[in-house]
Amino acid sequence: MARSVSTRRKLFFTVAAWSVALLIFFPVLWTILTSFKTEASAVASPPELLGADWTLQNYSDVWARSDYPRFFMNSVIISIGSTLLGLLIAIPAAWSMAFVPGNKTKDLLMWMLSTKMMPAAAVLIPMYLIFQKTGLFDTRTGLVLALMLMNLPVIIWMLYTYFKEIPGEILEAARMDGASLKNEVLYILTPMAIPGIASTMLLNIILAWNEAFWTITLTTVNAAPLSAFIASFSAPQGLFYAKLSAASTMAIAPILIMGWFGQKQLVRGLTFGAVK
Amino acid sequence: MATQSSRATARLMVAPSVILLFIWMIVPLAMTIWFSVRIYRLLSPERSGWAGVRNYTWFFNSPDFWMAINNTLLLVGGVLAITIILGVLIALLIDQPVWGQGPLRILVISPFFIMPPVAAMIWKNLFMHPQNGLFAAVSRAFGTEPILFLQNYPMSSIVFITAWEWLPFATLILLTALQSLSSEQLEAAEMDGASALSRFRYITLPHMTRAITVVILIQTIFLLGIFGEIFTTTQGGPGSASTTLPYMIYKQALIAKDIGRAAAGGIIAVILANIVAFFLMRSMGKHLDA
């Protein structure tokens, strides 16, 4: 039952909510705007908006100065690779914990999450040595493995909460009707699990894309993704604002757009099923 | 329903995850414990041997250590307080009847998708820079001296930047919780003459407890390890004014190149994180029963 709302009241809240939202979004917007200004215009005082000199020069400069396509491809391979590998390992685990729970299942889930509590900096040196010794240092394979393991607890948790919502009675009913195990998995379980798997995948691609500790410390050149690309712009004094903004925009744009499309599923998944 | 054989299969399906996570956790941890009781300096490799507890006592006696503990707690506590209080307020606002709730949510969630080093760099250069930053331009417009954010208020600035990154997460989870609150209950309370404040205090807030617990748990996990934001903005300075425990360990390892001490710091950090985790998990466990 919706309450009747006066237009005036709605107008007031709309203006207030949009003001707050734009304030939160403003730094991103300002970066994108700055990326299209000339360097002189980017640091002009007072700041220029409408009268600024607009240009695409920064993008072509950044493109020429660094090997963006390689960083980009590394980001894509590492984030998608680690997510797919993680799903491969996590789906059976989450599946069995959701459908054949034992009395230790919850403790196991909590333990998994607690492995994420270890500060990465604390184990930097051992990880560095292990990666050097095994030849995984500065390889995509190494980063795929590291980020997969880092995010595995989150993947398992999210899948577990989604799978738990699939009612067991449906399976029993199908079995009564004589469905074979193959048909049960193919026609009943899979369609019901796909939305959960998809949003888990989306969130983990984002987490892996934005990871900026292991991706910087465990790479030098070959496997360096966009986090390392942006770190190479980290000392921009004075006249490099517009280029810095262009590089930033290039690093965040793919995942920002992807996130916008999936935001509804993301939020639900992130609550680990504790918020309906 | 679960038979003996299906239990066995279930265990088999969980095993790869458990084994991998266990190795991922125990191998670096064991190595760190080993290093922490050894003399291990990259700059003087000829000196090696047992250090006993000296690496640990160095840490406890270093004035930076207590500062780092303090800064870590300040960072986690500050960001949690800001994101939860503002998150509740913004969620309440967006939950009102407004035009364009979809685009609104997209604007609000955006900072969550920004890579931490990018977020830190944007704030450091485009906003907080004392000459060219937007804040400096605003100060000049009002005829006041620009504030030296990262020099004079390094911890507050880092808390602010990190809170900006995590505010969307808190807001949207709290909003999700709010939207499942039945309006009938609120209307009944309104008809009984409950004020807006007491409706919030006795109906809305209790309804959101669970969501707030989730926000605290997940944010704490990520906030305890915050590194990129500090590395990009202040490098832990000025002095060690904005050095947190993870950053102090990083400095010991890669700048002082004293692996033994860094490892001791790592073990201390792991123990502290586990104390925090224990309490969080216990309260979280209660909330996840249903």
# chains A, B, ... in the order shown; residues from 1 in each chain; ligands from 1
call {"tool": "interface_residues", "arguments": {"of": "chain A", "to": "chain B", "cutoff": "7 Å", "atoms": "only C-alpha atoms", "output": "short mmCIF file (atom, residue, chain, number, x, y, z; two decimals) with all heavy atoms, in the first residue's frame"}}
result
data_model
loop_
_atom_site.label_atom_id
_atom_site.label_comp_id
_atom_site.auth_asym_id
_atom_site.auth_seq_id
_atom_site.Cartn_x
_atom_site.Cartn_y
_atom_site.Cartn_z
N LYS A 10 7.74 15.24 -2.82
CA LYS A 10 8.58 14.41 -3.69
C LYS A 10 9.66 15.27 -4.34
O LYS A 10 10.82 14.85 -4.46
CB LYS A 10 7.71 13.74 -4.75
CG LYS A 10 8.45 12.69 -5.54
CD LYS A 10 7.51 11.80 -6.34
CE LYS A 10 8.31 10.81 -7.16
NZ LYS A 10 7.49 9.91 -7.94
N PHE A 13 12.47 15.98 -1.81
CA PHE A 13 13.37 14.84 -1.59
C PHE A 13 14.20 14.53 -2.83
O PHE A 13 15.35 14.11 -2.74
CB PHE A 13 12.60 13.61 -1.13
CG PHE A 13 12.24 13.68 0.32
CD1 PHE A 13 10.92 13.68 0.74
CD2 PHE A 13 13.25 13.75 1.28
CE1 PHE A 13 10.60 13.75 2.08
CE2 PHE A 13 12.94 13.82 2.63
CZ PHE A 13 11.60 13.82 3.03
N THR A 14 13.60 14.74 -4.02
CA THR A 14 14.35 14.49 -5.24
C THR A 14 15.56 15.42 -5.32
O THR A 14 16.68 14.98 -5.57
CB THR A 14 13.45 14.69 -6.47
OG1 THR A 14 12.33 13.83 -6.34
CG2 THR A 14 14.19 14.36 -7.75
N ALA A 17 18.15 14.39 -2.60
CA ALA A 17 18.85 13.13 -2.89
C ALA A 17 19.81 13.29 -4.06
O ALA A 17 20.94 12.79 -4.03
CB ALA A 17 17.84 12.02 -3.18
N TRP A 18 19.38 14.01 -5.09
CA TRP A 18 20.26 14.21 -6.25
C TRP A 18 21.46 15.07 -5.88
O TRP A 18 22.55 14.84 -6.39
CB TRP A 18 19.49 14.84 -7.43
CG TRP A 18 18.81 13.80 -8.25
CD1 TRP A 18 17.55 13.31 -8.07
CD2 TRP A 18 19.36 13.07 -9.36
NE1 TRP A 18 17.28 12.33 -9.00
CE2 TRP A 18 18.38 12.17 -9.80
CE3 TRP A 18 20.59 13.09 -10.02
CZ2 TRP A 18 18.57 11.31 -10.87
CZ3 TRP A 18 20.79 12.24 -11.09
CH2 TRP A 18 19.79 11.35 -11.51
N ALA A 21 23.86 12.72 -4.13
CA ALA A 21 24.43 11.75 -5.07
C ALA A 21 25.46 12.41 -5.97
O ALA A 21 26.54 11.85 -6.22
CB ALA A 21 23.32 11.12 -5.90
N LEU A 22 25.16 13.62 -6.44
CA LEU A 22 26.12 14.31 -7.31
C LEU A 22 27.38 14.70 -6.55
O LEU A 22 28.48 14.64 -7.10
CB LEU A 22 25.47 15.56 -7.94
CG LEU A 22 24.51 15.24 -9.07
CD1 LEU A 22 23.75 16.49 -9.51
CD2 LEU A 22 25.26 14.64 -10.27
N ILE A 24 28.69 12.97 -4.10
CA ILE A 24 29.48 11.75 -3.98
C ILE A 24 30.17 11.42 -5.30
O ILE A 24 31.32 11.01 -5.35
CB ILE A 24 28.59 10.57 -3.52
CG1 ILE A 24 28.11 10.81 -2.10
CG2 ILE A 24 29.32 9.24 -3.63
CD1 ILE A 24 27.11 9.79 -1.61
N PHE A 25 29.46 11.64 -6.39
CA PHE A 25 29.97 11.28 -7.70
C PHE A 25 30.96 12.33 -8.24
O PHE A 25 31.76 12.03 -9.13
CB PHE A 25 28.80 11.12 -8.68
CG PHE A 25 29.21 10.66 -10.05
CD1 PHE A 25 29.72 9.39 -10.25
CD2 PHE A 25 29.09 11.50 -11.15
CE1 PHE A 25 30.10 8.97 -11.51
CE2 PHE A 25 29.48 11.08 -12.42
CZ PHE A 25 29.98 9.80 -12.59
N VAL A 43 44.90 23.23 -14.62
CA VAL A 43 45.37 23.80 -13.35
C VAL A 43 45.04 25.29 -13.25
O VAL A 43 45.56 25.98 -12.37
CB VAL A 43 46.90 23.59 -13.15
CG1 VAL A 43 47.21 22.11 -13.02
CG2 VAL A 43 47.68 24.22 -14.29
N SER A 45 43.45 28.79 -12.36
CA SER A 45 42.79 29.27 -11.15
C SER A 45 42.14 30.61 -11.45
O SER A 45 42.82 31.51 -11.94
CB SER A 45 43.82 29.43 -10.04
OG SER A 45 43.21 29.95 -8.89
N PRO A 46 40.88 30.81 -11.20
CA PRO A 46 39.91 29.82 -10.71
C PRO A 46 39.66 28.70 -11.72
O PRO A 46 39.88 28.91 -12.91
CB PRO A 46 38.65 30.67 -10.50
CG PRO A 46 38.80 31.84 -11.39
CD PRO A 46 40.26 32.11 -11.47
N ILE A 89 36.51 -23.99 -8.63
CA ILE A 89 36.81 -24.65 -7.36
C ILE A 89 35.70 -24.42 -6.34
O ILE A 89 35.39 -25.29 -5.52
CB ILE A 89 38.16 -24.12 -6.81
CG1 ILE A 89 39.28 -24.52 -7.77
CG2 ILE A 89 38.45 -24.66 -5.42
CD1 ILE A 89 40.57 -23.79 -7.55
N ALA A 90 35.08 -23.25 -6.40
CA ALA A 90 34.11 -22.86 -5.37
C ALA A 90 32.73 -23.47 -5.58
O ALA A 90 32.03 -23.76 -4.62
CB ALA A 90 34.01 -21.34 -5.30
N PRO A 92 31.55 -26.47 -6.60
CA PRO A 92 31.27 -27.75 -5.90
C PRO A 92 31.25 -27.58 -4.38
O PRO A 92 30.38 -28.14 -3.71
CB PRO A 92 32.45 -28.64 -6.32
CG PRO A 92 33.05 -28.00 -7.50
CD PRO A 92 32.75 -26.55 -7.44
N ALA A 93 32.18 -26.77 -3.87
CA ALA A 93 32.25 -26.59 -2.41
C ALA A 93 30.98 -25.93 -1.88
O ALA A 93 30.35 -26.43 -0.94
CB ALA A 93 33.47 -25.75 -2.06
N SER A 96 27.88 -28.28 -2.14
CA SER A 96 27.73 -29.33 -1.14
C SER A 96 27.47 -28.73 0.25
O SER A 96 26.74 -29.31 1.03
CB SER A 96 28.96 -30.24 -1.14
OG SER A 96 30.05 -29.57 -0.59
N VAL A 100 24.22 -30.32 1.42
CA VAL A 100 24.51 -31.38 2.40
C VAL A 100 25.26 -30.77 3.57
O VAL A 100 26.42 -31.05 3.80
CB VAL A 100 25.36 -32.50 1.75
CG1 VAL A 100 25.28 -33.77 2.61
CG2 VAL A 100 24.91 -32.80 0.34
N MET A 110 33.18 -19.69 8.31
CA MET A 110 33.78 -18.60 9.08
C MET A 110 35.30 -18.65 9.00
O MET A 110 35.95 -17.63 8.86
CB MET A 110 33.34 -18.67 10.55
CG MET A 110 31.92 -18.23 10.76
SD MET A 110 31.70 -16.48 10.33
CE MET A 110 29.95 -16.29 10.53
N SER A 114 37.92 -15.91 7.59
CA SER A 114 38.96 -15.38 8.47
C SER A 114 40.34 -15.40 7.81
O SER A 114 41.23 -14.66 8.21
CB SER A 114 39.00 -16.15 9.79
OG SER A 114 39.64 -17.38 9.59
N THR A 115 40.51 -16.25 6.76
CA THR A 115 41.81 -16.23 6.08
C THR A 115 42.02 -14.89 5.38
O THR A 115 43.13 -14.51 5.07
CB THR A 115 41.93 -17.35 5.01
OG1 THR A 115 40.95 -17.13 4.01
CG2 THR A 115 41.78 -18.71 5.61
N LYS A 116 40.94 -14.17 5.12
CA LYS A 116 41.07 -12.85 4.49
C LYS A 116 41.50 -11.77 5.47
O LYS A 116 41.82 -10.66 5.08
CB LYS A 116 39.73 -12.44 3.85
CG LYS A 116 39.56 -12.97 2.46
CD LYS A 116 38.44 -12.26 1.72
CE LYS A 116 38.82 -10.90 1.22
NZ LYS A 116 39.81 -10.90 0.15
N MET A 117 41.50 -12.12 6.76
CA MET A 117 41.85 -11.13 7.78
C MET A 117 43.36 -10.91 7.88
O MET A 117 43.82 -10.00 8.53
CB MET A 117 41.34 -11.58 9.15
CG MET A 117 39.86 -11.40 9.33
SD MET A 117 39.53 -9.76 10.00
CE MET A 117 37.80 -9.85 10.30
N MET A 118 44.13 -11.80 7.28
CA MET A 118 45.58 -11.67 7.37
C MET A 118 46.03 -10.49 6.50
O MET A 118 45.80 -10.50 5.30
CB MET A 118 46.24 -12.96 6.89
CG MET A 118 47.70 -12.99 7.12
SD MET A 118 48.31 -14.66 7.42
CE MET A 118 48.06 -15.45 5.84
N PRO A 119 46.66 -9.46 7.11
CA PRO A 119 47.06 -8.31 6.31
C PRO A 119 48.08 -8.73 5.25
O PRO A 119 49.05 -9.43 5.58
CB PRO A 119 47.71 -7.36 7.32
CG PRO A 119 47.30 -7.86 8.65
CD PRO A 119 47.03 -9.32 8.52
N ALA A 120 47.86 -8.34 4.01
CA ALA A 120 48.73 -8.77 2.92
C ALA A 120 50.17 -8.36 3.18
O ALA A 120 51.10 -9.13 2.89
CB ALA A 120 48.23 -8.18 1.61
N ALA A 121 50.36 -7.16 3.75
CA ALA A 121 51.72 -6.68 3.98
C ALA A 121 52.49 -7.62 4.91
O ALA A 121 53.70 -7.75 4.81
CB ALA A 121 51.69 -5.27 4.56
N ALA A 122 51.76 -8.31 5.80
CA ALA A 122 52.41 -9.19 6.77
C ALA A 122 53.11 -10.36 6.11
O ALA A 122 54.10 -10.87 6.60
CB ALA A 122 51.39 -9.69 7.80
N VAL A 123 52.57 -10.83 4.98
CA VAL A 123 53.16 -12.00 4.34
C VAL A 123 53.81 -11.65 3.00
O VAL A 123 54.04 -12.51 2.16
CB VAL A 123 52.10 -13.12 4.14
CG1 VAL A 123 51.73 -13.71 5.48
CG2 VAL A 123 50.88 -12.60 3.42
N PRO A 126 57.44 -13.57 2.37
CA PRO A 126 57.30 -14.98 1.99
C PRO A 126 56.66 -15.14 0.60
O PRO A 126 57.15 -15.94 -0.20
CB PRO A 126 56.37 -15.54 3.07
CG PRO A 126 56.54 -14.64 4.23
CD PRO A 126 56.88 -13.29 3.70
N MET A 127 55.62 -14.37 0.32
CA MET A 127 54.97 -14.49 -0.98
C MET A 127 55.94 -14.15 -2.10
O MET A 127 56.00 -14.83 -3.12
CB MET A 127 53.76 -13.55 -1.06
CG MET A 127 52.58 -13.98 -0.24
SD MET A 127 51.98 -15.60 -0.75
CE MET A 127 51.32 -15.16 -2.33
N LEU A 149 43.02 -17.19 -5.02
CA LEU A 149 43.04 -17.63 -3.62
C LEU A 149 42.60 -16.51 -2.69
O LEU A 149 41.92 -16.73 -1.69
CB LEU A 149 44.44 -18.10 -3.25
CG LEU A 149 44.75 -19.49 -3.82
CD1 LEU A 149 46.24 -19.75 -3.84
CD2 LEU A 149 44.01 -20.55 -3.02
N ASN A 210 40.43 -4.31 -9.35
CA ASN A 210 40.84 -3.19 -8.50
C ASN A 210 41.91 -3.56 -7.48
O ASN A 210 42.35 -2.71 -6.72
CB ASN A 210 39.63 -2.59 -7.80
CG ASN A 210 38.76 -1.82 -8.75
OD1 ASN A 210 39.18 -1.49 -9.85
ND2 ASN A 210 37.54 -1.53 -8.35
N ALA A 212 45.23 -3.89 -5.76
CA ALA A 212 46.40 -3.06 -6.05
C ALA A 212 47.56 -3.31 -5.09
O ALA A 212 48.42 -2.48 -4.96
CB ALA A 212 46.03 -1.58 -6.03
N PHE A 213 47.59 -4.46 -4.42
CA PHE A 213 48.75 -4.75 -3.59
C PHE A 213 49.60 -5.84 -4.27
O PHE A 213 50.72 -5.60 -4.67
CB PHE A 213 48.35 -5.18 -2.18
CG PHE A 213 49.53 -5.37 -1.28
CD1 PHE A 213 50.19 -4.28 -0.75
CD2 PHE A 213 50.00 -6.63 -0.98
CE1 PHE A 213 51.30 -4.44 0.07
CE2 PHE A 213 51.11 -6.81 -0.15
CZ PHE A 213 51.75 -5.71 0.37
N ILE A 230 48.71 2.70 -13.53
CA ILE A 230 48.37 3.97 -12.88
C ILE A 230 49.46 4.35 -11.88
O ILE A 230 49.76 5.53 -11.70
CB ILE A 230 46.97 3.90 -12.24
CG1 ILE A 230 46.39 5.31 -12.12
CG2 ILE A 230 46.95 3.23 -10.90
CD1 ILE A 230 46.00 5.90 -13.43
N SER A 248 43.78 7.90 -15.46
CA SER A 248 42.84 7.39 -14.46
C SER A 248 41.54 6.95 -15.12
O SER A 248 41.00 5.88 -14.81
CB SER A 248 42.52 8.47 -13.43
OG SER A 248 43.68 8.87 -12.77
N ILE A 252 39.80 3.18 -15.02
CA ILE A 252 38.56 2.85 -14.30
C ILE A 252 37.35 2.65 -15.21
O ILE A 252 36.39 2.00 -14.81
CB ILE A 252 38.22 3.93 -13.24
CG1 ILE A 252 38.01 5.29 -13.89
CG2 ILE A 252 39.28 3.96 -12.16
CD1 ILE A 252 37.63 6.39 -12.93
N ILE A 255 35.61 -0.98 -15.81
CA ILE A 255 34.96 -1.62 -14.67
C ILE A 255 33.80 -0.75 -14.16
O ILE A 255 32.81 -1.26 -13.65
CB ILE A 255 36.00 -1.90 -13.56
CG1 ILE A 255 35.71 -3.24 -12.91
CG2 ILE A 255 36.06 -0.83 -12.50
CD1 ILE A 255 35.97 -4.41 -13.80
N LEU A 256 33.92 0.56 -14.33
CA LEU A 256 32.84 1.45 -13.92
C LEU A 256 31.58 1.15 -14.73
O LEU A 256 30.48 1.01 -14.18
CB LEU A 256 33.29 2.91 -14.14
CG LEU A 256 32.48 4.00 -13.48
CD1 LEU A 256 32.49 3.84 -11.98
CD2 LEU A 256 33.03 5.37 -13.84
N GLY A 259 30.19 -2.18 -13.74
CA GLY A 259 29.55 -2.10 -12.44
C GLY A 259 28.18 -1.44 -12.51
O GLY A 259 27.24 -1.86 -11.84
N TRP A 260 28.07 -0.41 -13.34
CA TRP A 260 26.78 0.28 -13.46
C TRP A 260 25.69 -0.68 -13.92
O TRP A 260 24.57 -0.65 -13.44
CB TRP A 260 26.91 1.44 -14.46
CG TRP A 260 27.57 2.63 -13.86
CD1 TRP A 260 27.80 2.86 -12.53
CD2 TRP A 260 28.12 3.77 -14.55
NE1 TRP A 260 28.44 4.06 -12.36
CE2 TRP A 260 28.65 4.64 -13.58
CE3 TRP A 260 28.22 4.12 -15.90
CZ2 TRP A 260 29.26 5.85 -13.90
CZ3 TRP A 260 28.82 5.33 -16.21
CH2 TRP A 260 29.34 6.18 -15.23
N VAL A 267 24.94 -5.58 -5.10
CA VAL A 267 24.63 -5.21 -3.73
C VAL A 267 24.04 -6.39 -2.99
O VAL A 267 24.41 -6.70 -1.87
CB VAL A 267 23.66 -4.01 -3.72
CG1 VAL A 267 23.23 -3.71 -2.30
CG2 VAL A 267 24.33 -2.80 -4.33
N THR A 271 26.01 -8.71 0.47
CA THR A 271 25.55 -8.78 1.84
C THR A 271 25.69 -10.19 2.40
O THR A 271 25.33 -10.44 3.52
CB THR A 271 24.07 -8.38 1.94
OG1 THR A 271 23.31 -9.34 1.21
CG2 THR A 271 23.85 -7.01 1.39
N ALA A 274 22.86 -11.91 4.28
CA ALA A 274 22.41 -11.53 5.61
C ALA A 274 21.40 -10.39 5.56
O ALA A 274 20.75 -10.10 6.54
CB ALA A 274 23.60 -11.12 6.47
N VAL A 275 21.28 -9.74 4.41
CA VAL A 275 20.32 -8.65 4.27
C VAL A 275 19.42 -8.97 3.10
O VAL A 275 19.90 -9.23 2.01
CB VAL A 275 21.05 -7.31 4.03
CG1 VAL A 275 20.06 -6.19 3.88
CG2 VAL A 275 22.02 -7.04 5.15
N LYS A 276 18.14 -8.98 3.36
CA LYS A 276 17.24 -9.34 2.27
C LYS A 276 16.71 -8.09 1.60
O LYS A 276 16.51 -7.08 2.23
CB LYS A 276 16.07 -10.17 2.80
CG LYS A 276 16.51 -11.53 3.28
CD LYS A 276 16.62 -12.51 2.12
CE LYS A 276 17.65 -13.60 2.37
NZ LYS A 276 17.48 -14.36 3.58
#
call {"tool": "select_by_dssp", "arguments": {"residues": "range 39-147 of chain A", "states": "alpha helix (DSSP H)", "output": "count of residues only"}}
result
74
call {"tool": "residues_around", "arguments": {"residues": "Gly77 in chain B", "least_positions_apart": "2", "cutoff": "12 Å", "atoms": "only C-alpha atoms", "output": "PyMOL selection string"}}
result
chain B and resi 69-75+79-84+156+159-160+162-163+216+219-220+223-224
call {"tool": "atom_distance", "arguments": {"atom1": "CA of Met250 in chain A", "atom2": "CA of Ala228 in chain A"}}
result
12.9 Å
call {"tool": "residues_around", "arguments": {"residues": "Val62 in chain A", "least_positions_apart": "3", "cutoff": "8 Å", "atoms": "only C-alpha atoms", "output": "ChimeraX atom specification"}}
result
/A:58-59,65-66,68,243,246-247
call {"tool": "atom_distance", "arguments": {"atom1": "CA of Ser79 in chain A", "atom2": "CA of Trp209 in chain A"}}
result
5.4 Å
call {"tool": "closest_residue", "arguments": {"among": "A:Leu181, A:Ala174, A:Ile206, A:Leu159", "to": "Leu147 in chain A", "atoms": "only C-alpha atoms"}}
result
A:Ile206
call {"tool": "residues_around", "arguments": {"residues": "Gly196 in chain A", "least_positions_apart": "5", "cutoff": "9 Å", "atoms": "only C-alpha atoms", "output": "count of residues only"}}
result
8
call {"tool": "residues_around", "arguments": {"residues": "range 183-188 of chain A", "least_positions_apart": "4", "cutoff": "10 Å", "atoms": "only C-alpha atoms", "output": "ChimeraX atom specification"}}
result
/A:166,170-172,174-175,178-179,192-193
call {"tool": "closest_residue", "arguments": {"among": "A:Phe131, A:Phe99, A:Trp157, A:Phe72", "to": "Glu169 in chain A", "atoms": "only C-alpha atoms"}}
result
A:Phe99
call {"tool": "atom_distance", "arguments": {"atom1": "CA of Leu150 in chain B", "atom2": "CA of Thr34 in chain A"}}
result
21.7 Å
